[in-house]
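K.L.:
Sharing work.cif below, mmCIF, C-alpha atoms and all ligand atoms:
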data_entry
#
loop_
_atom_site.label_atom_id
_atom_site.label_comp_id
_atom_site.auth_asym_id
_atom_site.auth_seq_id
_atom_site.Cartn_x
_atom_site.Cartn_y
_atom_site.Cartn_z
CA MET A 1 0.00 0.00 0.00
CA SER A 2 1.05 3.55 -0.53
CA THR A 3 0.85 4.88 3.06
CA GLN A 4 4.26 5.82 4.40
CA HIS A 5 4.85 4.59 7.91
CA GLU A 6 7.47 5.73 10.33
CA ILE A 7 10.10 3.02 10.33
CA PRO A 8 11.54 2.27 13.77
CA SER A 9 15.29 2.93 13.89
CA TYR A 10 15.97 -0.76 14.47
CA LEU A 11 14.25 -1.82 11.23
CA THR A 12 15.30 -0.93 7.71
CA GLN A 13 12.93 -0.08 4.86
CA ARG A 14 13.48 -3.60 3.52
CA GLU A 15 12.65 -5.17 6.87
CA ILE A 16 9.33 -3.40 7.47
CA GLY A 17 7.57 -6.54 6.03
CA PRO A 18 4.80 -7.99 8.21
CA TRP A 19 5.07 -5.08 10.67
CA GLY A 20 4.22 -2.76 7.76
CA VAL A 21 1.12 -4.86 7.02
CA TYR A 22 0.05 -4.57 10.65
CA LEU A 23 0.58 -0.78 10.68
CA GLU A 24 -1.62 -0.49 7.61
CA GLN A 25 -4.34 -2.45 9.41
CA ILE A 26 -4.08 -0.06 12.36
CA ASP A 27 -4.41 2.91 9.98
CA ARG A 28 -7.63 1.39 8.68
CA VAL A 29 -9.18 1.01 12.14
CA THR A 30 -8.10 4.41 13.50
CA PRO A 31 -11.01 6.45 12.01
CA HIS A 32 -13.42 4.12 13.86
CA LEU A 33 -11.90 4.53 17.32
CA GLY A 34 -13.47 7.86 18.23
CA ALA A 35 -11.82 9.63 21.15
CA LEU A 36 -9.68 6.56 21.87
CA ALA A 37 -7.73 7.33 18.68
CA ARG A 38 -5.70 9.64 20.90
CA TRP A 39 -4.02 6.50 22.26
CA VAL A 40 -3.55 4.68 18.95
CA GLU A 41 0.18 5.33 18.84
CA THR A 42 0.42 2.82 21.72
CA LEU A 43 -0.49 0.09 19.25
CA LYS A 44 2.18 1.17 16.78
CA ARG A 45 5.04 0.62 19.21
CA PRO A 46 5.85 -2.69 20.89
CA LYS A 47 6.16 -2.23 24.63
CA ARG A 48 9.33 -4.31 24.95
CA ILE A 49 11.69 -6.06 22.54
CA LEU A 50 14.30 -8.55 23.69
CA MET A 51 16.79 -9.88 21.18
CA VAL A 52 19.11 -12.64 22.36
CA ASP A 53 22.05 -14.64 21.14
CA VAL A 54 21.43 -18.38 21.49
CA PRO A 55 24.71 -20.31 21.34
CA ILE A 56 24.79 -24.11 21.43
CA GLU A 57 27.42 -26.79 21.16
CA ARG A 58 26.58 -28.94 18.18
CA ASP A 59 26.92 -32.72 18.26
CA ASP A 60 30.16 -32.50 16.25
CA GLY A 61 31.77 -30.17 18.83
CA THR A 62 31.42 -26.94 16.85
CA ILE A 63 29.61 -23.91 18.30
CA ALA A 64 26.55 -22.49 16.53
CA HIS A 65 24.81 -19.20 17.25
CA PHE A 66 21.15 -18.42 16.57
CA GLU A 67 19.22 -15.17 16.75
CA GLY A 68 16.30 -15.26 19.21
CA TYR A 69 13.54 -12.77 19.98
CA ARG A 70 10.74 -12.18 22.46
CA VAL A 71 8.55 -9.17 21.82
CA GLN A 72 5.88 -7.99 24.27
CA HIS A 73 3.69 -5.80 22.16
CA ASN A 74 1.14 -4.77 24.79
CA THR A 75 0.24 -5.70 28.36
CA SER A 76 -2.64 -3.29 29.02
CA ARG A 77 -5.22 -6.06 29.46
CA GLY A 78 -3.00 -8.64 31.14
CA PRO A 79 0.28 -10.52 30.80
CA GLY A 80 1.92 -11.00 27.42
CA LYS A 81 0.76 -14.13 25.60
CA GLY A 82 1.75 -15.72 22.33
CA GLY A 83 3.71 -18.49 20.70
CA VAL A 84 7.33 -19.17 19.88
CA ARG A 85 8.27 -19.90 16.29
CA PHE A 86 11.37 -21.75 15.03
CA HIS A 87 11.87 -20.93 11.37
CA GLN A 88 14.76 -19.99 9.11
CA ASP A 89 12.97 -16.84 7.94
CA VAL A 90 12.12 -15.39 11.38
CA THR A 91 12.90 -11.67 11.54
CA LEU A 92 12.31 -8.94 14.09
CA SER A 93 9.64 -7.36 11.86
CA GLU A 94 7.82 -10.69 11.76
CA VAL A 95 7.94 -11.27 15.51
CA MET A 96 6.81 -7.68 16.13
CA ALA A 97 3.83 -8.14 13.82
CA LEU A 98 2.97 -11.53 15.30
CA SER A 99 3.11 -10.07 18.82
CA ALA A 100 0.80 -7.23 17.79
CA TRP A 101 -1.67 -9.64 16.17
CA MET A 102 -1.72 -11.51 19.51
CA THR A 103 -2.73 -8.28 21.28
CA VAL A 104 -5.59 -7.85 18.82
CA LYS A 105 -6.57 -11.53 18.88
CA ASN A 106 -6.62 -11.82 22.67
CA ALA A 107 -8.76 -8.71 22.93
CA ALA A 108 -11.07 -9.82 20.09
CA VAL A 109 -11.98 -13.06 21.89
CA ASN A 110 -11.77 -11.26 25.24
CA VAL A 111 -9.19 -13.42 27.01
CA PRO A 112 -7.37 -11.40 29.71
CA TYR A 113 -4.00 -11.11 28.02
CA GLY A 114 -1.88 -8.61 26.20
CA GLY A 115 0.12 -9.76 23.19
CA ALA A 116 3.61 -11.22 22.81
CA LYS A 117 5.54 -13.49 20.47
CA GLY A 118 8.93 -15.12 20.25
CA GLY A 119 11.05 -16.83 17.70
CA ILE A 120 14.41 -18.21 16.74
CA ARG A 121 15.85 -17.81 13.28
CA VAL A 122 16.68 -21.47 12.64
CA ASP A 123 15.58 -24.34 10.44
CA PRO A 124 14.88 -26.91 13.17
CA ARG A 125 15.09 -29.74 10.62
CA THR A 126 18.86 -29.17 10.56
CA LEU A 127 19.19 -29.91 14.30
CA SER A 128 19.41 -33.24 16.13
CA ARG A 129 17.02 -33.78 19.02
CA GLY A 130 19.80 -32.98 21.49
CA GLU A 131 20.71 -29.77 19.65
CA LEU A 132 17.05 -28.75 19.53
CA MET A 133 16.77 -29.27 23.27
CA ARG A 134 19.93 -27.30 24.05
CA MET A 135 18.82 -24.44 21.80
CA THR A 136 15.34 -24.36 23.38
CA ARG A 137 16.77 -24.39 26.90
CA ARG A 138 19.35 -21.69 26.20
CA TYR A 139 16.72 -19.50 24.53
CA THR A 140 14.42 -19.95 27.54
CA SER A 141 17.24 -19.01 29.93
CA GLU A 142 17.94 -15.89 27.87
CA ILE A 143 14.31 -14.72 27.89
CA ASN A 144 13.80 -15.89 31.49
CA ILE A 145 14.02 -12.28 32.69
CA ILE A 146 10.81 -11.25 30.96
CA ILE A 147 8.61 -14.39 30.94
CA GLY A 148 6.63 -15.91 33.82
CA PRO A 149 3.09 -17.15 34.63
CA ASN A 150 2.00 -13.58 35.46
CA LYS A 151 4.28 -11.76 33.03
CA ASP A 152 4.39 -13.40 29.64
CA ILE A 153 3.33 -16.93 28.74
CA PRO A 154 4.79 -18.56 25.59
CA ALA A 155 3.07 -21.35 23.64
CA PRO A 156 3.61 -23.38 20.46
CA ASP A 157 3.64 -21.82 17.00
CA VAL A 158 5.22 -22.80 13.66
CA ASN A 159 7.66 -25.74 14.22
CA THR A 160 7.30 -25.81 18.01
CA ASN A 161 5.27 -28.40 19.90
CA GLU A 162 4.51 -30.03 23.26
CA GLN A 163 8.06 -31.30 23.67
CA ILE A 164 9.52 -27.81 23.17
CA MET A 165 7.01 -26.46 25.73
CA ALA A 166 8.03 -29.20 28.20
CA TRP A 167 11.70 -28.15 27.85
CA MET A 168 10.79 -24.48 28.24
CA MET A 169 8.70 -25.18 31.33
CA ASP A 170 11.46 -27.31 32.83
CA THR A 171 14.20 -24.74 32.15
CA TYR A 172 12.19 -21.91 33.66
CA SER A 173 11.23 -24.09 36.64
CA MET A 174 14.83 -25.20 37.30
CA ASN A 175 15.91 -21.55 37.36
CA GLN A 176 13.03 -20.70 39.72
CA GLY A 177 13.63 -23.64 42.03
CA SER A 178 10.03 -24.86 41.78
CA THR A 179 7.78 -26.27 39.09
CA ALA A 180 5.91 -23.44 37.37
CA SER A 181 3.52 -25.15 34.98
CA GLY A 182 1.69 -21.90 34.14
CA VAL A 183 4.76 -20.35 32.46
CA VAL A 184 3.92 -21.89 29.08
CA THR A 185 0.80 -23.39 27.50
CA GLY A 186 0.51 -26.12 24.90
CA LYS A 187 2.32 -28.49 27.29
CA PRO A 188 1.94 -32.27 27.28
CA ILE A 189 -1.14 -33.44 29.24
CA SER A 190 1.17 -35.16 31.75
CA LEU A 191 2.74 -31.78 32.68
CA GLY A 192 -0.40 -29.73 33.16
CA GLY A 193 -1.40 -29.39 29.52
CA SER A 194 -5.05 -29.14 28.58
CA LEU A 195 -7.21 -31.64 26.78
CA GLY A 196 -8.26 -30.19 23.46
CA ARG A 197 -5.31 -27.76 23.17
CA HIS A 198 -3.66 -29.66 20.35
CA ASP A 199 -6.70 -29.44 18.09
CA ALA A 200 -7.93 -26.07 19.36
CA THR A 201 -6.67 -23.77 16.57
CA GLY A 202 -7.96 -26.03 13.79
CA ARG A 203 -11.23 -26.54 15.66
CA GLY A 204 -11.67 -22.79 16.01
CA VAL A 205 -11.10 -22.37 12.25
CA PHE A 206 -13.80 -24.97 11.65
CA VAL A 207 -16.26 -23.36 14.10
CA VAL A 208 -15.98 -19.87 12.60
CA GLY A 209 -16.01 -21.45 9.14
CA CYS A 210 -19.42 -22.98 9.88
CA GLU A 211 -20.70 -19.66 11.19
CA ALA A 212 -19.44 -17.70 8.18
CA ALA A 213 -20.74 -20.32 5.72
CA ALA A 214 -24.19 -20.08 7.32
CA LYS A 215 -24.15 -16.29 6.89
CA ARG A 216 -23.39 -16.78 3.20
CA GLY A 217 -26.01 -19.50 2.78
CA MET A 218 -23.31 -22.07 2.04
CA GLU A 219 -23.64 -25.72 3.11
CA ILE A 220 -20.52 -27.28 4.64
CA LYS A 221 -21.67 -30.68 3.40
CA GLY A 222 -20.34 -30.93 -0.13
CA ALA A 223 -18.34 -27.68 0.07
CA ARG A 224 -14.93 -27.80 -1.65
CA VAL A 225 -12.09 -26.75 0.63
CA ALA A 226 -8.48 -25.87 -0.31
CA ILE A 227 -5.91 -25.65 2.48
CA GLN A 228 -2.41 -24.20 2.53
CA GLY A 229 -0.42 -25.80 5.35
CA PHE A 230 -0.98 -29.24 6.81
CA GLY A 231 0.44 -28.80 10.29
CA ASN A 232 -1.34 -28.37 13.57
CA VAL A 233 -3.82 -25.88 12.10
CA GLY A 234 -4.41 -26.99 8.50
CA GLY A 235 -4.32 -30.71 9.31
CA VAL A 236 -6.94 -30.48 12.06
CA ALA A 237 -9.16 -28.11 10.05
CA ALA A 238 -8.98 -30.55 7.11
CA ARG A 239 -10.09 -33.41 9.34
CA LEU A 240 -13.01 -31.50 10.85
CA PHE A 241 -14.25 -30.15 7.52
CA SER A 242 -14.01 -33.56 5.95
CA GLU A 243 -15.86 -35.19 8.90
CA ALA A 244 -18.61 -32.61 8.36
CA GLY A 245 -19.00 -33.75 4.75
CA ALA A 246 -16.83 -31.17 2.95
CA ARG A 247 -14.39 -32.25 0.22
CA ILE A 248 -10.74 -31.31 0.67
CA VAL A 249 -9.84 -30.63 -2.96
CA ALA A 250 -6.30 -29.24 -2.50
CA VAL A 251 -3.57 -29.18 0.11
CA GLN A 252 -0.33 -27.27 -0.30
CA ASP A 253 2.59 -27.58 2.10
CA HIS A 254 6.25 -26.46 2.01
CA ALA A 255 7.09 -29.25 -0.42
CA THR A 256 4.27 -29.40 -2.95
CA THR A 257 0.56 -29.15 -3.81
CA ILE A 258 -1.77 -32.16 -3.94
CA VAL A 259 -5.17 -31.90 -5.60
CA SER A 260 -8.16 -34.18 -5.99
CA GLU A 261 -11.55 -33.15 -7.33
CA ARG A 262 -13.17 -36.12 -5.59
CA GLY A 263 -11.65 -35.02 -2.30
CA LEU A 264 -8.52 -36.18 -0.51
CA ASP A 265 -8.67 -38.92 2.13
CA VAL A 266 -7.58 -36.76 5.07
CA ALA A 267 -6.74 -39.66 7.44
CA ALA A 268 -4.55 -41.28 4.77
CA LEU A 269 -2.89 -37.93 4.00
CA GLN A 270 -2.23 -37.35 7.70
CA ALA A 271 -0.63 -40.80 8.01
CA HIS A 272 1.49 -40.05 4.93
CA VAL A 273 2.66 -36.70 6.35
CA THR A 274 3.49 -38.27 9.72
CA ALA A 275 5.59 -40.90 7.97
CA ASN A 276 7.24 -38.70 5.31
CA GLY A 277 7.28 -35.16 6.68
CA SER A 278 5.27 -33.64 3.81
CA VAL A 279 2.37 -34.24 1.41
CA ALA A 280 4.83 -34.90 -1.46
CA ALA A 281 4.35 -38.24 -3.25
CA PHE A 282 0.94 -38.87 -1.68
CA ALA A 283 -0.69 -41.48 -3.91
CA GLY A 284 -4.29 -40.40 -3.25
CA GLY A 285 -4.18 -37.23 -5.38
CA GLU A 286 -2.38 -35.54 -8.27
CA GLN A 287 0.64 -33.36 -7.72
CA MET A 288 0.47 -29.81 -9.06
CA ASP A 289 3.88 -28.60 -10.21
CA ASP A 290 3.41 -24.84 -10.22
CA ARG A 291 2.90 -23.71 -6.61
CA GLY A 292 1.21 -20.49 -7.76
CA GLN A 293 -1.66 -22.47 -9.34
CA PHE A 294 -2.87 -23.42 -5.86
CA TRP A 295 -4.54 -20.00 -5.52
CA GLY A 296 -6.65 -20.55 -8.62
CA VAL A 297 -8.00 -23.96 -7.54
CA ASP A 298 -11.77 -24.15 -7.93
CA CYS A 299 -13.10 -24.27 -4.36
CA ASP A 300 -15.69 -22.73 -2.05
CA ILE A 301 -13.57 -22.27 1.07
CA LEU A 302 -9.87 -21.39 1.16
CA VAL A 303 -7.87 -21.85 4.35
CA PRO A 304 -4.39 -20.29 4.36
CA ALA A 305 -2.85 -22.03 7.38
CA ALA A 306 0.88 -21.56 6.85
CA LEU A 307 2.82 -18.28 6.96
CA GLU A 308 2.29 -14.54 6.49
CA GLN A 309 1.86 -12.57 3.28
CA GLN A 310 0.72 -15.47 1.09
CA ILE A 311 -2.36 -13.82 -0.45
CA THR A 312 -1.07 -10.71 -2.17
CA GLU A 313 -2.01 -8.31 -4.94
CA VAL A 314 -0.35 -10.78 -7.33
CA ASN A 315 -2.58 -13.79 -6.65
CA ALA A 316 -5.74 -12.42 -4.93
CA GLY A 317 -7.43 -11.91 -8.30
CA LYS A 318 -7.15 -15.64 -9.09
CA ILE A 319 -8.95 -16.81 -5.97
CA ARG A 320 -12.24 -18.55 -6.69
CA ALA A 321 -13.36 -19.27 -3.10
CA GLU A 322 -16.32 -17.41 -1.60
CA LEU A 323 -14.94 -17.72 1.88
CA ILE A 324 -11.40 -17.39 3.23
CA LEU A 325 -10.62 -18.57 6.77
CA GLU A 326 -7.25 -17.29 7.96
CA GLY A 327 -5.75 -20.16 9.94
CA ALA A 328 -2.31 -18.55 9.62
CA ASN A 329 -1.36 -15.22 11.15
CA GLY A 330 -1.16 -12.39 8.65
CA PRO A 331 -1.65 -14.41 5.43
CA THR A 332 -3.38 -11.57 3.51
CA THR A 333 -1.83 -8.20 2.66
CA PRO A 334 -3.96 -5.01 2.78
CA GLY A 335 -3.78 -4.69 -1.03
CA ALA A 336 -5.11 -8.25 -1.39
CA ASP A 337 -7.84 -7.47 1.16
CA ASP A 338 -9.11 -4.71 -1.16
CA ILE A 339 -9.14 -7.01 -4.19
CA LEU A 340 -11.02 -9.71 -2.27
CA ARG A 341 -13.54 -7.18 -0.97
CA ASP A 342 -14.22 -5.98 -4.52
CA LYS A 343 -14.73 -9.59 -5.62
CA GLY A 344 -17.24 -10.15 -2.80
CA VAL A 345 -15.11 -12.74 -0.98
CA THR A 346 -15.76 -13.03 2.78
CA VAL A 347 -12.44 -13.06 4.66
CA VAL A 348 -12.64 -14.21 8.27
CA PRO A 349 -9.47 -12.61 9.65
CA ASP A 350 -6.74 -14.42 11.56
CA VAL A 351 -7.43 -12.55 14.80
CA ILE A 352 -10.80 -14.35 14.99
CA ALA A 353 -10.34 -17.41 12.76
CA ASN A 354 -7.25 -18.79 14.50
CA ALA A 355 -8.01 -17.58 18.03
CA GLY A 356 -9.07 -21.06 19.15
CA GLY A 357 -5.48 -21.93 20.05
CA VAL A 358 -4.92 -19.09 22.46
CA THR A 359 -8.44 -19.51 23.85
CA VAL A 360 -7.65 -23.05 24.97
CA SER A 361 -4.21 -21.83 26.09
CA TYR A 362 -6.15 -19.55 28.41
CA PHE A 363 -8.16 -22.54 29.67
CA GLU A 364 -4.88 -24.40 30.22
CA TRP A 365 -3.40 -21.53 32.23
CA VAL A 366 -6.55 -21.25 34.38
CA GLN A 367 -6.52 -25.01 34.98
CA ASP A 368 -2.84 -24.89 35.97
CA PHE A 369 -3.48 -22.14 38.51
CA SER A 370 -6.40 -23.99 40.09
CA SER A 371 -4.83 -27.47 39.64
CA PHE A 372 -8.26 -28.64 38.57
CA PHE A 373 -8.62 -30.09 35.10
CA TRP A 374 -11.67 -30.03 32.87
CA SER A 375 -13.04 -32.68 30.52
CA GLU A 376 -12.44 -32.40 26.79
CA ASP A 377 -16.17 -31.97 26.18
CA GLU A 378 -16.28 -29.03 28.53
CA ILE A 379 -13.27 -27.44 26.84
CA ASN A 380 -14.69 -27.88 23.35
CA LEU A 381 -18.07 -26.50 24.44
CA ARG A 382 -16.52 -23.42 26.01
CA LEU A 383 -14.23 -22.94 23.00
CA THR A 384 -17.13 -23.19 20.58
CA ARG A 385 -19.15 -20.70 22.58
CA ILE A 386 -16.35 -18.13 22.72
CA MET A 387 -15.61 -18.48 19.00
CA ARG A 388 -19.27 -18.14 18.03
CA GLU A 389 -19.80 -15.12 20.24
CA ALA A 390 -16.69 -13.38 18.94
CA PHE A 391 -17.67 -14.12 15.36
CA ALA A 392 -21.22 -12.81 15.91
CA ALA A 393 -19.94 -9.61 17.54
CA VAL A 394 -17.50 -8.97 14.69
CA TRP A 395 -20.11 -9.74 12.03
CA GLN A 396 -22.49 -7.25 13.65
CA ILE A 397 -19.87 -4.48 13.74
CA ALA A 398 -19.01 -5.15 10.09
CA GLU A 399 -22.70 -4.81 9.14
CA ASP A 400 -23.30 -1.71 11.26
CA LYS A 401 -20.20 0.16 10.13
CA LYS A 402 -20.02 -1.26 6.59
CA VAL A 403 -16.43 -2.40 7.04
CA SER A 404 -14.59 -5.66 6.39
CA LEU A 405 -14.57 -8.37 9.06
CA ARG A 406 -10.89 -7.55 9.64
CA THR A 407 -11.54 -3.90 10.36
CA ALA A 408 -14.53 -4.92 12.49
CA ALA A 409 -12.40 -7.30 14.54
CA PHE A 410 -9.79 -4.56 14.95
CA ILE A 411 -12.50 -2.10 16.06
CA LEU A 412 -13.73 -4.53 18.73
CA ALA A 413 -10.23 -5.45 19.90
CA CYS A 414 -8.46 -2.08 19.71
CA THR A 415 -11.34 -0.44 21.58
CA ARG A 416 -10.90 -2.95 24.40
CA VAL A 417 -7.12 -2.49 24.50
CA LEU A 418 -7.22 1.30 24.37
CA GLN A 419 -10.01 1.54 26.95
CA ALA A 420 -7.80 -0.45 29.32
CA ARG A 421 -4.86 1.78 28.37
CA GLU A 422 -6.82 4.92 29.12
CA MET A 423 -8.26 3.64 32.41
CA ARG A 424 -4.80 2.63 33.63
CA GLY A 425 -3.33 5.95 32.59
CA LEU A 426 0.30 6.79 32.06
CA TYR A 427 2.84 6.20 34.80
CA PRO A 428 4.74 8.05 36.08
N1 LIG B 1 0.71 -19.53 18.35
C1 LIG B 1 -0.71 -19.46 18.51
C2 LIG B 1 -1.26 -18.20 17.86
O1 LIG B 1 -0.66 -17.64 17.00
C3 LIG B 1 -1.16 -19.67 19.95
C4 LIG B 1 -0.61 -18.73 20.95
C5 LIG B 1 -0.92 -19.10 22.39
O2 LIG B 1 -1.59 -20.10 22.63
O3 LIG B 1 -0.47 -18.37 23.26
O4 LIG B 1 -2.33 -17.76 18.18
#
Turn this file's structure into structure tokens for me.
Ligand code: GLU
P.N.:
Amino acid sequence: MSTQHEIPSYLTQREIGPWGVYLEQIDRVTPHLGALARWVETLKRPKRILMVDVPIERDDGTIAHFEGYRVQHNTSRGPGKGGVRFHQDVTLSEVMALSAWMTVKNAAVNVPYGGAKGGIRVDPRTLSRGELMRMTRRYTSEINIIIGPNKDIPAPDVNTNEQIMAWMMDTYSMNQGSTASGVVTGKPISLGGSLGRHDATGRGVFVVGCEAAAKRGMEIKGARVAIQGFGNVGGVAARLFSEAGARIVAVQDHATTIVSERGLDVAALQAHVTANGSVAAFAGGEQMDDRGQFWGVDCDILVPAALEQQITEVNAGKIRAELILEGANGPTTPGADDILRDKGVTVVPDVIANAGGVTVSYFEWVQDFSSFFWSEDEINLRLTRIMREAFAAVWQIAEDKKVSLRTAAFILACTRVLQAREMRGLYP
């Protein structure tokens, strides 16, 4: 987009990337914030940025260094909360944007958290299990000064899982001298994790997908769904849509794109991915060679569930879906948003669509504090209720103010954050 944003001194023009997308989204919500717009600058500056060196001894005796981050974007409504990502393309701009989207997401579904995010610039596939553990522990020790059950609570994100959370919890606890299960969420069940957390993000995508489809008069049964990403979010969403009678007509992951007009067998695809690490060479569908063609696949529902900035001005025009459910964080650029709006596509934004994960993280944190654990049915019921209510509130704002669902979600969330900001006041 054309708007010029002030670039923080620690980012270059080239690095503005996802943070620039987020700033543009804030510009779009600002006219709707009334008197609270006076505080909007708060949202354009992360509260705290910690950048750390993460050295490890590799199995062959050499020393490797990785760049790690933890950004606390906002803590007006509660402690920082958000995942930790291990990926070779992690940058400060990305972690800043992801932390800000957590602020918006947590406020949109009204869980009592601010927003934070962390990451290490590393391809974890190049590490042995021992190296991965040493890197995770050293990173946790380095960010130990700003995390804690009441300060900032990490969780899984791209390429991090229950095992990583167990190591983070253990490292923090060893430094504290007592077991602090509430310092991270997304833990294994045996360490105070919550039932339903693993599937929660994908389940939330499915729940809001059903709500949005109903608004558009679309039946889930028989709907054709294309999914980018087949990890914790895309894989679970695929399963739930397929169980509800939808056809999964395309799946793209880091390796390739698999298509099938009849619909892919999701259980077989999941087994294939577990065994082989990607959807490549899956026998139950045809491989599409040109990755870009994925966006033009004939489908009713499109679920980007991988990384940021995938739907852009270059490919948005090709999209044939009526409904986009953002399982990923930040998959659509503002320019693409405009093209999709003009085409009449309904985009359920990330800050609502993928909020199921952090919602059940909140349940996990509450359960850890009370040491009383809920049944999976109870968790799924509460999750479904929160997702439906948030979706309905956002839909209503979008109708009333004639704005996109993204701007509506930002209106709801930024109002909550800035009201808290104003009530707390500046100190000193
Ligand atoms: N990484 C997830 C997200 O982007 C979950 C964060 C959490 O549970 O704290 O929303």
K.L.:
Give me, as a PyMOL selection string, the set of residues whose atoms come within 6 Å of any atom of ligand LIG 1 (chain B), counting only C-alpha atoms and all ligand atoms.
P.N.:
chain A and resi 81-83+154-157+355+357-358+361
K.L.:
Which residue out of A:Gly229, A:Pro18, A:Gly335, A:Gly119 has the minimum interatomic distance to Leu302 of chain A when all atoms listed in the file are used?
P.N.:
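The shortest atom-to-atom distance to Leu302 of chain A comes from A:Gly229.
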K.L.:
Of the candidates A:Asp59, A:Asp27, A:Glu399, A:Glu94, which one gets nearest to Glu15 of chain A if we count all atoms listed in the file?
P.N.:
A:Glu94
K.L.:
Smallest atom-to-atom distance to Ile220 of chain A: which of A:Asp60, A:Glu326, A:Glu243, A:Asp152, using all atoms listed in the file?
P.N.:
A:Glu243
K.L.:
Here is a test: counting all atoms listed in the file, which residue of A:Val158, A:Ile301, A:Ala390, A:Val403 is nearest to Asp338 of chain A?
P.N.:
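Closest candidate: A:Val403.
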K.L.:
With a distance cut-off of 10 Å and only C-alpha atoms, select the neighbouring residues of segment 124-128 of chain A, excluding the residue or stretch itself and same-chain residues fewer than 5 positions from it, and output the selection as a VMD selection string.
P.N.:
chain A and resid 58 to 59 86 to 88 133 to 135 159 to 160
K.L.:
For Ile145 of chain A, work out the shell of residues within 10 Å, counting all atoms listed in the file and skipping chain neighbours fewer than 4 positions away, then give it as a list in words.
P.N.:
Leu50, Thr140, Ser141, Lys151 and Tyr172 of chain A
K.L.:
Output C-alpha atoms for every residue in the selection just made, as a CSV table (one decimal), keeping the file's coordinate frame.
P.N.:
chain,number,residue,atom,x,y,z
A,50,LEU,CA,14.3,-8.6,23.7
A,140,THR,CA,14.4,-20.0,27.5
A,141,SER,CA,17.2,-19.0,29.9
A,151,LYS,CA,4.3,-11.8,33.0
A,172,TYR,CA,12.2,-21.9,33.7
K.L.:
Would you kindly identify which residues have an atom no farther than 12 Å from (-8.9, -23.4, -6.2), using all atoms listed in the file and the file's own coordinates, and write them out as a ChimeraX atom specification?
P.N.:
/A:224-228,248-252,257-261,288,291-304,315-324
K.L.:
Could the residues in this selection be written to a file with C-alpha atoms, as an mmCIF file, in the coordinates of the input?
P.N.:
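Ended up saving to out_15.cif:
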data_model
loop_
_atom_site.group_PDB
_atom_site.id
_atom_site.type_symbol
_atom_site.label_atom_id
_atom_site.label_comp_id
_atom_site.auth_asym_id
_atom_site.auth_seq_id
_atom_site.Cartn_x
_atom_site.Cartn_y
_atom_site.Cartn_z
ATOM 1 C CA ARG A 224 -14.930 -27.800 -1.650
ATOM 2 C CA VAL A 225 -12.090 -26.750 0.630
ATOM 3 C CA ALA A 226 -8.480 -25.870 -0.310
ATOM 4 C CA ILE A 227 -5.910 -25.650 2.480
ATOM 5 C CA GLN A 228 -2.410 -24.200 2.530
ATOM 6 C CA ILE A 248 -10.740 -31.310 0.670
ATOM 7 C CA VAL A 249 -9.840 -30.630 -2.960
ATOM 8 C CA ALA A 250 -6.300 -29.240 -2.500
ATOM 9 C CA VAL A 251 -3.570 -29.180 0.110
ATOM 10 C CA GLN A 252 -0.330 -27.270 -0.300
ATOM 11 C CA THR A 257 0.560 -29.150 -3.810
ATOM 12 C CA ILE A 258 -1.770 -32.160 -3.940
ATOM 13 C CA VAL A 259 -5.170 -31.900 -5.600
ATOM 14 C CA SER A 260 -8.160 -34.180 -5.990
ATOM 15 C CA GLU A 261 -11.550 -33.150 -7.330
ATOM 16 C CA MET A 288 0.470 -29.810 -9.060
ATOM 17 C CA ARG A 291 2.900 -23.710 -6.610
ATOM 18 C CA GLY A 292 1.210 -20.490 -7.760
ATOM 19 C CA GLN A 293 -1.660 -22.470 -9.340
ATOM 20 C CA PHE A 294 -2.870 -23.420 -5.860
ATOM 21 C CA TRP A 295 -4.540 -20.000 -5.520
ATOM 22 C CA GLY A 296 -6.650 -20.550 -8.620
ATOM 23 C CA VAL A 297 -8.000 -23.960 -7.540
ATOM 24 C CA ASP A 298 -11.770 -24.150 -7.930
ATOM 25 C CA CYS A 299 -13.100 -24.270 -4.360
ATOM 26 C CA ASP A 300 -15.690 -22.730 -2.050
ATOM 27 C CA ILE A 301 -13.570 -22.270 1.070
ATOM 28 C CA LEU A 302 -9.870 -21.390 1.160
ATOM 29 C CA VAL A 303 -7.870 -21.850 4.350
ATOM 30 C CA PRO A 304 -4.390 -20.290 4.360
ATOM 31 C CA ASN A 315 -2.580 -13.790 -6.650
ATOM 32 C CA ALA A 316 -5.740 -12.420 -4.930
ATOM 33 C CA GLY A 317 -7.430 -11.910 -8.300
ATOM 34 C CA LYS A 318 -7.150 -15.640 -9.090
ATOM 35 C CA ILE A 319 -8.950 -16.810 -5.970
ATOM 36 C CA ARG A 320 -12.240 -18.550 -6.690
ATOM 37 C CA ALA A 321 -13.360 -19.270 -3.100
ATOM 38 C CA GLU A 322 -16.320 -17.410 -1.600
ATOM 39 C CA LEU A 323 -14.940 -17.720 1.880
ATOM 40 C CA ILE A 324 -11.400 -17.390 3.230
#
K.L.:
Work out how far atom CA of Leu307 of chain A is from atom CA of Asp170 of chain A, in Å to one decimal.
P.N.:
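According to the coordinates, atom CA of Asp170 of chain A and atom CA of Leu307 of chain A are separated by 28.7 Å.
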K.L.:
With distances taken over all atoms listed in the file, which of A:Glu162, A:Asp253, A:Glu24, A:Glu67 is nearest to Gln4 of chain A?
P.N.:
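Among the listed residues, the smallest separation from Gln4 of chain A belongs to A:Glu24.
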K.L.:
Please indicate the distance in Å from atom CA of Asp290 of chain A to atom CA of Leu325 of chain A, rounded to one decimal place.
P.N.:
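Computing it gives 22.9 Å between the two atoms.
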K.L.:
Any idea what the distance is between atom CA of Gly68 of chain A and atom CA of Ile120 of chain A?
P.N.:
4.3 Å
